[in-house]
$ cat entry-v2.csv   # CSV, C-alpha atoms (C1' of nucleotides)
chain,number,residue,atom,x,y,z
A,214,MET,CA,-59.8,-38.5,25.5
A,215,ASP,CA,-58.9,-41.0,22.8
A,216,LYS,CA,-55.7,-42.9,23.1
A,217,HIS,CA,-52.9,-41.5,20.9
A,218,LEU,CA,-49.4,-42.5,19.8
A,219,ILE,CA,-47.1,-39.7,18.8
A,220,SER,CA,-44.6,-41.1,16.4
A,221,ILE,CA,-41.3,-39.2,15.9
A,222,VAL,CA,-39.2,-40.0,12.9
A,223,GLY,CA,-36.2,-38.6,11.1
A,224,PRO,CA,-32.7,-39.4,10.1
A,225,THR,CA,-30.0,-40.3,12.6
A,226,GLY,CA,-28.5,-37.5,14.6
A,227,ILE,CA,-31.2,-35.0,13.9
A,228,GLY,CA,-32.4,-34.7,17.5
A,229,LYS,CA,-35.2,-37.2,17.9
A,230,THR,CA,-34.1,-38.2,21.4
A,231,SER,CA,-33.9,-34.7,22.7
A,232,LEU,CA,-37.3,-33.8,21.2
A,233,SER,CA,-38.9,-36.9,22.6
A,234,LEU,CA,-37.7,-36.1,26.1
A,235,LYS,CA,-39.2,-32.7,25.9
A,236,LEU,CA,-42.5,-33.9,24.6
A,237,ALA,CA,-42.6,-36.7,27.1
A,238,SER,CA,-42.0,-34.3,30.0
A,239,TYR,CA,-44.6,-31.9,28.6
A,240,PHE,CA,-47.3,-34.6,28.3
A,241,ASP,CA,-46.0,-36.4,31.3
A,242,THR,CA,-45.8,-39.7,29.5
A,243,GLU,CA,-43.4,-42.5,28.5
A,244,ILE,CA,-41.4,-43.4,25.5
A,245,ILE,CA,-41.4,-46.4,23.2
A,246,SER,CA,-38.3,-46.8,21.2
A,247,ALA,CA,-38.4,-48.2,17.7
A,248,ASP,CA,-34.7,-48.4,17.0
A,249,SER,CA,-33.4,-51.8,16.0
A,250,ARG,CA,-30.0,-51.2,17.5
A,251,GLN,CA,-30.7,-49.4,20.7
A,252,PHE,CA,-32.4,-52.6,21.9
A,253,TYR,CA,-29.0,-54.0,22.8
A,254,LYS,CA,-27.6,-53.2,26.2
A,255,GLU,CA,-23.9,-53.9,25.3
A,256,ILE,CA,-23.7,-51.1,22.6
A,257,PRO,CA,-25.0,-47.9,24.0
A,258,ILE,CA,-22.3,-45.5,22.7
A,259,GLY,CA,-22.2,-46.5,19.0
A,260,THR,CA,-26.0,-46.6,18.7
A,261,ALA,CA,-26.4,-43.2,20.2
A,262,ALA,CA,-28.9,-44.5,22.7
A,263,PRO,CA,-30.3,-42.1,25.3
A,264,THR,CA,-27.8,-41.7,28.1
A,265,THR,CA,-28.3,-43.0,31.7
A,266,SER,CA,-29.4,-39.5,32.8
A,267,GLU,CA,-31.8,-39.1,29.9
A,268,LEU,CA,-33.2,-42.5,30.7
A,269,SER,CA,-33.7,-41.5,34.3
A,270,LEU,CA,-35.8,-38.5,33.2
A,271,VAL,CA,-38.5,-40.4,31.3
A,272,LYS,CA,-39.4,-44.1,31.4
A,273,HIS,CA,-38.2,-45.7,28.2
A,274,TYR,CA,-39.2,-49.1,26.7
A,275,PHE,CA,-37.2,-51.1,24.3
A,276,ILE,CA,-33.9,-49.5,25.1
A,277,HIS,CA,-31.3,-51.9,26.3
A,278,HIS,CA,-33.8,-54.5,27.0
A,279,LYS,CA,-32.0,-57.1,25.0
A,280,SER,CA,-28.5,-58.6,24.7
A,281,ILE,CA,-26.7,-58.8,21.4
A,282,LYS,CA,-26.8,-62.6,22.0
A,283,ASP,CA,-30.6,-62.7,22.0
A,284,PRO,CA,-32.3,-63.4,18.7
A,285,TYR,CA,-34.8,-60.6,18.0
A,286,ASN,CA,-36.8,-59.4,15.0
A,287,VAL,CA,-39.6,-57.1,13.9
A,288,GLY,CA,-42.3,-59.7,14.5
A,289,THR,CA,-41.5,-60.1,18.1
A,290,PHE,CA,-41.0,-56.4,18.5
A,291,GLU,CA,-44.4,-55.6,17.0
A,292,LYS,CA,-46.1,-57.9,19.5
A,293,GLU,CA,-44.2,-56.7,22.5
A,294,ALA,CA,-44.4,-53.0,21.6
A,295,ILE,CA,-48.1,-53.1,20.9
A,296,GLU,CA,-48.7,-54.8,24.2
A,297,GLN,CA,-46.4,-52.2,25.9
A,298,ILE,CA,-48.3,-49.3,24.3
A,299,ARG,CA,-51.5,-50.8,25.5
A,300,GLN,CA,-50.1,-51.0,29.0
A,301,CYS,CA,-48.9,-47.4,28.8
A,302,HIS,CA,-52.2,-46.2,27.6
A,303,LEU,CA,-53.8,-47.5,30.8
A,304,LEU,CA,-52.0,-44.8,32.6
A,305,ASN,CA,-51.8,-42.1,30.0
A,306,PRO,CA,-53.9,-41.4,26.9
A,307,MET,CA,-50.8,-40.3,25.1
A,308,VAL,CA,-47.6,-42.3,24.4
A,309,ILE,CA,-44.6,-41.3,22.4
A,310,MET,CA,-42.7,-43.5,20.0
A,311,VAL,CA,-39.3,-42.5,18.7
A,312,GLY,CA,-38.1,-44.5,15.8
A,313,GLY,CA,-35.1,-44.6,13.6
A,314,SER,CA,-35.8,-48.0,12.0
A,315,GLY,CA,-38.3,-47.7,9.2
A,316,LEU,CA,-39.4,-51.3,9.2
A,317,TYR,CA,-39.9,-51.3,13.0
A,318,VAL,CA,-41.9,-48.0,13.0
A,319,ASN,CA,-44.0,-49.3,10.2
A,320,ALA,CA,-44.7,-52.5,12.0
A,321,ILE,CA,-46.3,-50.5,14.8
A,322,LEU,CA,-48.1,-48.0,12.6
A,323,GLU,CA,-49.2,-50.3,9.7
A,324,GLY,CA,-48.9,-53.7,11.2
A,325,LEU,CA,-47.3,-56.9,9.9
A,326,ASP,CA,-49.3,-59.8,8.6
A,327,GLU,CA,-49.3,-62.9,10.8
A,328,PHE,CA,-46.6,-65.5,9.7
A,329,PRO,CA,-46.2,-68.8,11.4
A,330,ILE,CA,-42.8,-69.2,13.2
A,331,VAL,CA,-40.7,-71.6,11.3
A,332,ASP,CA,-37.7,-73.5,12.6
A,333,SER,CA,-34.6,-71.3,12.4
A,334,GLU,CA,-32.7,-74.3,11.0
A,335,ILE,CA,-34.5,-73.7,7.7
A,336,ARG,CA,-32.9,-70.3,7.4
A,337,ASN,CA,-29.5,-71.7,8.3
A,338,LYS,CA,-29.9,-74.3,5.7
A,339,LEU,CA,-31.0,-71.8,3.1
A,340,ASN,CA,-28.0,-69.5,3.9
A,341,GLN,CA,-25.8,-72.5,3.4
A,342,GLU,CA,-27.4,-73.4,0.1
A,343,LEU,CA,-26.9,-69.8,-1.0
A,344,ILE,CA,-23.2,-70.1,-0.5
A,345,THR,CA,-22.8,-73.6,-2.0
A,346,SER,CA,-25.3,-73.5,-4.8
A,347,GLY,CA,-25.8,-69.9,-5.6
A,348,ILE,CA,-28.8,-67.6,-5.7
A,349,GLU,CA,-30.1,-69.0,-9.0
A,350,ILE,CA,-31.1,-72.3,-7.4
A,351,LEU,CA,-33.1,-70.4,-4.7
A,352,GLN,CA,-34.7,-68.2,-7.4
A,353,LYS,CA,-35.8,-71.3,-9.2
A,354,GLU,CA,-37.2,-72.9,-6.1
A,355,LEU,CA,-39.2,-69.7,-5.4
A,356,LYS,CA,-40.5,-69.7,-8.9
A,357,GLU,CA,-41.9,-73.1,-8.3
A,358,SER,CA,-43.2,-72.8,-4.8
A,359,ASP,CA,-44.4,-69.2,-4.9
A,360,PRO,CA,-44.7,-67.7,-8.4
A,361,ILE,CA,-46.5,-64.6,-6.9
A,362,SER,CA,-43.5,-63.7,-4.7
A,363,TYR,CA,-41.2,-64.6,-7.5
A,364,ASP,CA,-42.7,-61.8,-9.5
A,365,SER,CA,-42.7,-59.2,-6.8
A,366,ILE,CA,-39.6,-59.9,-4.8
A,367,GLU,CA,-36.2,-58.4,-5.7
A,368,LEU,CA,-34.7,-61.6,-7.1
A,369,LYS,CA,-31.1,-60.5,-6.5
A,370,ASN,CA,-31.7,-59.8,-2.9
A,371,PRO,CA,-30.7,-63.0,-1.0
A,372,GLN,CA,-32.3,-61.9,2.3
A,373,ARG,CA,-35.7,-61.4,0.6
A,374,ILE,CA,-35.6,-64.7,-1.3
A,375,ILE,CA,-34.5,-66.6,1.8
A,376,ARG,CA,-37.2,-65.1,3.9
A,377,ALA,CA,-39.9,-66.1,1.4
A,378,LEU,CA,-38.4,-69.6,1.0
A,379,GLU,CA,-38.2,-70.2,4.7
A,380,ILE,CA,-41.9,-69.6,5.0
A,381,CYS,CA,-42.6,-71.8,1.9
A,382,ARG,CA,-40.5,-74.6,3.2
A,383,GLY,CA,-41.6,-74.3,6.8
A,384,THR,CA,-45.3,-74.1,6.2
A,385,LYS,CA,-45.7,-75.9,2.8
A,386,GLN,CA,-47.6,-72.8,1.7
A,387,PRO,CA,-46.5,-69.9,-0.4
A,388,TYR,CA,-45.1,-66.9,1.4
A,389,SER,CA,-47.5,-64.7,-0.5
A,390,SER,CA,-50.5,-66.5,0.8
A,391,PHE,CA,-49.9,-65.0,4.2
A,392,LEU,CA,-49.9,-61.4,2.9
A,393,LYS,CA,-53.4,-60.0,3.6
A,394,ASN,CA,-52.5,-56.4,2.8
A,395,LYS,CA,-55.3,-55.3,5.0
A,396,LYS,CA,-55.0,-52.2,7.0
A,397,ILE,CA,-55.0,-53.3,10.7
A,398,GLN,CA,-56.9,-51.5,13.4
A,399,ARG,CA,-55.0,-50.4,16.4
A,400,GLY,CA,-56.6,-49.2,19.6
A,401,PHE,CA,-55.1,-45.8,19.2
A,402,LYS,CA,-54.7,-42.9,16.8
A,403,THR,CA,-51.3,-41.9,15.5
A,404,ILE,CA,-49.9,-38.5,15.0
A,405,SER,CA,-46.6,-38.7,13.0
A,406,ILE,CA,-44.1,-35.9,13.1
A,407,GLY,CA,-40.7,-35.8,11.4
A,408,LEU,CA,-37.6,-33.8,11.9
A,409,LYS,CA,-35.8,-32.6,8.8
A,410,ALA,CA,-32.8,-30.6,7.9
A,411,GLU,CA,-30.8,-29.8,4.9
A,412,ARG,CA,-28.7,-32.8,3.8
A,413,SER,CA,-25.4,-31.0,4.2
A,414,LEU,CA,-26.3,-30.1,7.8
A,415,ILE,CA,-27.3,-33.7,8.6
A,416,TYR,CA,-24.0,-34.9,7.3
A,417,GLU,CA,-22.1,-32.3,9.3
A,418,ARG,CA,-23.9,-33.4,12.5
A,419,ILE,CA,-23.2,-37.0,11.7
A,420,ASP,CA,-19.5,-36.4,11.3
A,421,SER,CA,-19.1,-34.5,14.5
A,422,ARG,CA,-21.2,-37.1,16.4
A,423,VAL,CA,-19.0,-39.9,15.2
A,424,ASP,CA,-16.0,-38.0,16.5
A,425,ASN,CA,-17.8,-37.6,19.8
A,426,MET,CA,-18.5,-41.3,20.0
A,427,ILE,CA,-14.8,-42.0,19.6
A,428,ARG,CA,-14.0,-39.5,22.3
A,429,ASN,CA,-16.6,-41.1,24.6
A,430,GLY,CA,-15.2,-44.6,24.4
A,431,LEU,CA,-16.6,-46.2,21.3
A,432,LEU,CA,-13.3,-48.1,20.7
A,433,GLU,CA,-13.5,-49.7,24.2
A,434,GLU,CA,-17.1,-50.5,23.7
A,435,ALA,CA,-16.4,-52.1,20.3
A,436,LYS,CA,-13.5,-54.0,21.7
A,437,SER,CA,-15.6,-55.4,24.5
A,438,VAL,CA,-17.9,-57.1,22.0
A,439,PHE,CA,-15.3,-57.9,19.4
A,440,GLU,CA,-15.5,-61.6,20.3
A,441,TYR,CA,-19.2,-61.6,19.3
A,442,ARG,CA,-18.6,-59.8,16.0
A,443,THR,CA,-20.4,-62.4,13.9
A,444,LEU,CA,-23.7,-61.8,15.7
A,445,ASN,CA,-26.3,-60.0,13.6
A,446,ALA,CA,-26.7,-57.3,16.2
A,447,LEU,CA,-23.1,-56.3,15.6
A,448,ASN,CA,-23.6,-56.0,11.8
A,449,THR,CA,-24.0,-52.4,12.7
A,450,VAL,CA,-22.4,-49.1,11.7
A,451,GLY,CA,-19.7,-48.1,14.1
A,452,TYR,CA,-18.8,-51.6,15.1
A,453,LYS,CA,-18.3,-53.5,11.9
A,454,GLU,CA,-15.8,-50.9,10.8
A,455,LEU,CA,-13.9,-50.9,14.0
A,456,PHE,CA,-13.7,-54.7,13.9
A,457,LYS,CA,-11.7,-54.3,10.7
A,458,TYR,CA,-9.4,-52.0,12.6
A,459,PHE,CA,-9.0,-54.5,15.4
A,460,ASP,CA,-8.2,-57.4,13.1
A,461,GLY,CA,-5.7,-55.3,11.3
A,462,THR,CA,-7.3,-54.9,7.8
A,463,TRP,CA,-8.0,-51.2,8.3
A,464,THR,CA,-6.2,-48.3,9.9
A,465,LEU,CA,-8.1,-46.5,12.7
A,466,GLU,CA,-8.4,-43.4,10.5
A,467,LEU,CA,-10.0,-45.4,7.6
A,468,ALA,CA,-12.3,-47.1,10.0
A,469,ILE,CA,-13.5,-43.8,11.4
A,470,SER,CA,-14.1,-42.3,8.0
A,471,GLU,CA,-16.0,-45.4,6.9
A,472,ILE,CA,-18.2,-45.1,10.0
A,473,LYS,CA,-19.0,-41.6,8.9
A,474,LYS,CA,-19.7,-42.6,5.4
A,475,ASN,CA,-21.9,-45.5,6.3
A,476,THR,CA,-23.8,-43.4,8.8
A,477,ARG,CA,-24.5,-40.9,6.1
A,478,ARG,CA,-25.7,-43.6,3.8
A,479,PHE,CA,-27.9,-44.9,6.7
A,480,ALA,CA,-29.4,-41.5,7.1
A,481,LYS,CA,-30.2,-41.4,3.4
A,482,ARG,CA,-31.9,-44.7,3.6
A,483,GLN,CA,-33.9,-43.6,6.6
A,484,LEU,CA,-35.1,-40.6,4.5
A,485,THR,CA,-36.3,-42.7,1.6
A,486,TRP,CA,-38.3,-44.7,4.1
A,487,PHE,CA,-39.8,-41.9,6.1
A,488,ASP,CA,-40.5,-39.7,3.1
A,489,LYS,CA,-43.0,-42.2,1.9
A,490,ASP,CA,-45.4,-41.6,4.7
A,491,GLU,CA,-47.4,-38.6,3.6
A,492,LYS,CA,-49.2,-38.4,6.9
A,493,THR,CA,-46.0,-37.3,8.6
A,494,HIS,CA,-45.8,-33.6,9.5
A,495,TRP,CA,-42.3,-32.3,9.1
A,496,PHE,CA,-40.6,-29.8,11.3
A,497,GLU,CA,-37.2,-28.2,10.8
A,498,TYR,CA,-34.7,-29.8,13.2
A,499,ASN,CA,-34.3,-26.7,15.3
A,500,THR,CA,-38.0,-25.9,15.7
A,501,ASP,CA,-38.9,-24.7,19.1
A,502,PRO,CA,-40.5,-27.7,20.9
A,503,GLU,CA,-43.2,-25.3,22.0
A,504,ASN,CA,-44.4,-25.0,18.3
A,505,ILE,CA,-44.4,-28.8,18.1
A,506,VAL,CA,-46.5,-29.0,21.3
A,507,ASN,CA,-48.9,-26.5,19.8
A,508,TYR,CA,-49.2,-28.5,16.7
A,509,LEU,CA,-49.8,-31.7,18.6
A,510,ASN,CA,-52.5,-30.1,20.8
A,511,LYS,CA,-54.2,-28.9,17.7
A,512,GLU,CA,-54.1,-32.3,16.1
A,513,LEU,CA,-55.3,-33.9,19.3
A,514,LYS,CA,-58.4,-31.7,19.4
A,515,LYS,CA,-59.0,-32.5,15.7
A,516,THR,CA,-58.9,-36.2,16.2
A,517,SER,CA,-60.7,-36.5,19.5
B,42,G,C1',18.4,-25.2,-22.9
B,43,G,C1',18.5,-30.7,-24.8
B,44,C,C1',16.5,-35.7,-24.6
B,45,G,C1',12.8,-39.1,-22.9
B,46,U,C1',8.2,-40.8,-20.5
B,47,C,C1',3.4,-39.5,-19.3
B,48,U,C1',-1.6,-36.7,-19.5
B,49,U,C1',-8.6,-41.1,-19.7
B,50,G,C1',-15.2,-38.8,-16.1
B,51,G,C1',-14.7,-36.3,-8.6
B,52,C,C1',-10.8,-40.3,-7.7
B,53,C,C1',-8.4,-45.1,-9.1
B,54,G,C1',-7.8,-47.6,-13.6
B,55,A,C1',-8.2,-50.9,-18.4
B,56,G,C1',-8.2,-50.0,-23.4
B,57,U,C1',-3.2,-49.0,-29.5
B,58,G,C1',-8.0,-47.4,-35.4
B,59,G,C1',-14.6,-48.8,-35.5
B,60,C,C1',-17.9,-52.9,-30.5
B,61,U,C1',-21.1,-47.5,-23.9
B,62,A,C1',-14.3,-51.7,-19.6
B,63,G,C1',-14.5,-52.0,-14.5
B,64,G,C1',-14.0,-50.3,-9.4
B,65,C,C1',-14.5,-46.4,-5.7
B,66,A,C1',-16.9,-41.9,-4.2
B,67,G,C1',-21.4,-39.2,-5.2
B,68,A,C1',-26.8,-39.2,-6.4
B,69,G,C1',-31.6,-41.6,-6.6
B,70,G,C1',-34.5,-45.7,-5.0
B,71,U,C1',-36.6,-50.5,-2.9
B,72,C,C1',-38.6,-52.6,1.7
B,73,U,C1',-44.1,-57.5,5.7
B,74,G,C1',-39.5,-61.3,11.0
B,75,C,C1',-31.2,-60.4,9.6
B,76,A,C1',-33.5,-53.8,8.5
B,77,A,C1',-27.7,-49.3,11.4
B,78,A,C1',-29.3,-55.2,7.2
B,79,A,C1',-29.7,-56.7,2.3
B,80,C,C1',-30.6,-55.2,-2.6
B,81,C,C1',-31.5,-52.2,-7.2
B,82,U,C1',-30.7,-47.9,-10.6
B,83,U,C1',-27.5,-44.0,-12.3
B,84,C,C1',-22.7,-40.7,-13.9
B,85,U,C1',-20.5,-41.9,-21.7
B,86,A,C1',-14.5,-39.4,-20.1
B,87,C,C1',-10.2,-39.6,-23.0
B,88,A,C1',-5.2,-32.2,-21.8
B,89,G,C1',-5.8,-28.3,-26.1
B,90,C,C1',-5.5,-27.3,-31.3
B,91,G,C1',-4.7,-29.1,-36.1
B,92,G,C1',-3.8,-33.2,-39.5
B,93,U,C1',-4.2,-38.5,-41.6
B,94,U,C1',-8.5,-41.7,-42.3
B,95,C,C1',-15.0,-43.6,-44.4
B,96,G,C1',-14.0,-43.7,-39.0
B,97,A,C1',-9.1,-41.4,-33.8
B,98,A,C1',-8.9,-42.1,-26.6
B,99,U,C1',-5.9,-45.1,-29.9
B,100,C,C1',-1.6,-42.9,-35.7
B,101,C,C1',1.2,-37.9,-37.0
B,102,G,C1',2.4,-32.7,-35.8
B,103,C,C1',2.3,-28.5,-32.7
B,104,U,C1',1.0,-26.3,-27.9
B,105,A,C1',0.4,-26.8,-22.5
B,106,G,C1',1.2,-29.4,-18.0
B,107,A,C1',3.6,-33.4,-14.9
B,108,C,C1',7.7,-36.5,-14.0
B,109,G,C1',12.7,-38.2,-15.0
B,110,C,C1',17.6,-37.9,-17.1
B,111,C,C1',21.5,-34.9,-19.4
B,112,U,C1',24.2,-30.1,-20.0

$ encode --input "entry-v2.csv" --output "structure tokens"
Amino acid sequence: MDKHLISIVGPTGIGKTSLSLKLASYFDTEIISADSRQFYKEIPIGTAAPTTSELSLVKHYFIHHKSIKDPYNVGTFEKEAIEQIRQCHLLNPMVIMVGGSGLYVNAILEGLDEFPIVDSEIRNKLNQELITSGIEILQKELKESDPISYDSIELKNPQRIIRALEICRGTKQPYSSFLKNKKIQRGFKTISIGLKAERSLIYERIDSRVDNMIRNGLLEEAKSVFEYRTLNALNTVGYKELFKYFDGTWTLELAISEIKKNTRRFAKRQLTWFDKDEKTHWFEYNTDPENIVNYLNKELKKTS
RNA sequence: GGCGUCUUGGCCGAGUGGCUAGGCAGAGGUCUGCAAAACCUUCUACAGCGGUUCGAAUCCGCUAGACGCCU
């Protein structure tokens, strides 16, 4: 049997975790997580990571394997996850990936081009320059050092410009010269399934899940990492809002309603990402897992 | 009952005769190492009716509603 990766996507709160556990147990396999916030062990509640008991049912990778203090990014994730999938495939022809982060899922399914690692000081310096000199200076530099990127990148988006420039400065070559746009070959086939629901229902589920998080100790969790609030890993829905409550700028009530709002917006952004992939087969969120298993078995036969 | 003030898009809010304020919310979207991030696009409203004027959210009148004061 060929090696397969089953990718499960869908907006936050729709039930990806629960489905993945059922599928993993049915196929007697393991789960690769592609969620850019569930990596961090200090913040399990606000990121809706699988619970301890869920984690004990099925072996998970890339859940709580990092500290918020560790620098981490898609590039490293791609390498580690591909290697992990390879390892898992030695034991089982089928592996499950659950992903909430479009870029991270994409990195596994489509692959990223190879970029040299550049000194992180370059980015620090660029961020500093953004503050002191303004984005126009950076745009101008990009126009000179990489006209191709200048034409394709969103010029008002500082993160994009800075990423391109850090490569330009660090390698003395244009960022765009590293983009091969070649479809990469993985050693496995992918079957993508998505969970969907009506928007109003997704929003309802988000609201009640946030209330549950608060009940389950999100405040304490956020308080415990408050001192690290400037870390990128904590630029995260559920934490950044509570930090504003802790430092007195917001009431708790406002912070909670902002968490709900930002989670809804996050879910929307997930949808625009996942909707793009026309290979994804969509199921209603409450579909009987048995139907999904049937679908998968049928697809497996087709592709084997 | 009398007098006065007010009435701008889902919300806040500027605008006193001609030039689509703006913000928030909502909606849509982008995405190759910060991605639960960052960024982009989008909603043309002036309480109603009538009048003045080449032209009214803006001036005048009436009507309705809100608030305040007086009897």

$ closest_residue --input "entry-v2.csv" --among "B:C100, B:C72, B:A55, B:C111" --to "G42 in chain B" --atoms "all atoms listed in the file"
B:C111

$ atom_distance --input "entry-v2.csv" --atom1 "CA of Leu343 in chain A" --atom2 "CA of Gly288 in chain A"
24.1 Å

$ residues_around --input "entry-v2.csv" --residues "range 450-454 of chain A" --least-positions-apart "4" --cutoff "8 Å" --atoms "only C-alpha atoms (C1' of nucleotides)" --output "number ranges by chain"
A: 259-260, 435, 442, 458, 468-469, 471-472, 475-476; B: 77

$ atom_distance --input "entry-v2.csv" --atom1 "C1' of U61 in chain B" --atom2 "C1' of C90 in chain B"
26.6 Å

$ closest_residue --input "entry-v2.csv" --among "B:G69, B:G91, B:G102, B:G74" --to "Asn286 in chain A" --atoms "only C-alpha atoms (C1' of nucleotides)"
B:G74

$ residues_around --input "entry-v2.csv" --residues "range 353-358 of chain A" --least-positions-apart "3" --cutoff "12 Å" --atoms "only C-alpha atoms (C1' of nucleotides)" --output "PDB file with C-alpha atoms, in the coordinates of the input"
ATOM      1  CA  LEU A 339     -31.000 -71.800   3.100  1.00  0.00           C
ATOM      2  CA  GLU A 342     -27.400 -73.400   0.100  1.00  0.00           C
ATOM      3  CA  LEU A 343     -26.900 -69.800  -1.000  1.00  0.00           C
ATOM      4  CA  SER A 346     -25.300 -73.500  -4.800  1.00  0.00           C
ATOM      5  CA  GLY A 347     -25.800 -69.900  -5.600  1.00  0.00           C
ATOM      6  CA  ILE A 348     -28.800 -67.600  -5.700  1.00  0.00           C
ATOM      7  CA  GLU A 349     -30.100 -69.000  -9.000  1.00  0.00           C
ATOM      8  CA  ILE A 350     -31.100 -72.300  -7.400  1.00  0.00           C
ATOM      9  CA  ILE A 361     -46.500 -64.600  -6.900  1.00  0.00           C
ATOM     10  CA  SER A 362     -43.500 -63.700  -4.700  1.00  0.00           C
ATOM     11  CA  TYR A 363     -41.200 -64.600  -7.500  1.00  0.00           C
ATOM     12  CA  ASP A 364     -42.700 -61.800  -9.500  1.00  0.00           C
ATOM     13  CA  SER A 365     -42.700 -59.200  -6.800  1.00  0.00           C
ATOM     14  CA  ILE A 366     -39.600 -59.900  -4.800  1.00  0.00           C
ATOM     15  CA  GLU A 367     -36.200 -58.400  -5.700  1.00  0.00           C
ATOM     16  CA  LEU A 368     -34.700 -61.600  -7.100  1.00  0.00           C
ATOM     17  CA  PRO A 371     -30.700 -63.000  -1.000  1.00  0.00           C
ATOM     18  CA  ARG A 373     -35.700 -61.400   0.600  1.00  0.00           C
ATOM     19  CA  ILE A 374     -35.600 -64.700  -1.300  1.00  0.00           C
ATOM     20  CA  ILE A 375     -34.500 -66.600   1.800  1.00  0.00           C
ATOM     21  CA  ARG A 376     -37.200 -65.100   3.900  1.00  0.00           C
ATOM     22  CA  ALA A 377     -39.900 -66.100   1.400  1.00  0.00           C
ATOM     23  CA  LEU A 378     -38.400 -69.600   1.000  1.00  0.00           C
ATOM     24  CA  GLU A 379     -38.200 -70.200   4.700  1.00  0.00           C
ATOM     25  CA  ILE A 380     -41.900 -69.600   5.000  1.00  0.00           C
ATOM     26  CA  CYS A 381     -42.600 -71.800   1.900  1.00  0.00           C
ATOM     27  CA  ARG A 382     -40.500 -74.600   3.200  1.00  0.00           C
ATOM     28  CA  GLY A 383     -41.600 -74.300   6.800  1.00  0.00           C
ATOM     29  CA  THR A 384     -45.300 -74.100   6.200  1.00  0.00           C
ATOM     30  CA  LYS A 385     -45.700 -75.900   2.800  1.00  0.00           C
ATOM     31  CA  GLN A 386     -47.600 -72.800   1.700  1.00  0.00           C
ATOM     32  CA  PRO A 387     -46.500 -69.900  -0.400  1.00  0.00           C
ATOM     33  CA  TYR A 388     -45.100 -66.900   1.400  1.00  0.00           C
ATOM     34  CA  SER A 389     -47.500 -64.700  -0.500  1.00  0.00           C
ATOM     35  CA  SER A 390     -50.500 -66.500   0.800  1.00  0.00           C
TER      36      SER A 390
END

$ atom_distance --input "entry-v2.csv" --atom1 "CA of Ser238 in chain A" --atom2 "CA of Asn319 in chain A"
24.9 Å

$ residues_around --input "entry-v2.csv" --residues "Lys254 in chain A" --least-positions-apart "4" --cutoff "7 Å" --atoms "only C-alpha atoms (C1' of nucleotides)" --output "ChimeraX atom specification"
/A:277-280

$ interface_residues --input "entry-v2.csv" --of "chain A" --to "chain B" --cutoff "7 Å" --atoms "all atoms listed in the file" --output "PyMOL selection string"
chain A and resi 250+286-288+316+325-326+369-370+372+445+449-450+479
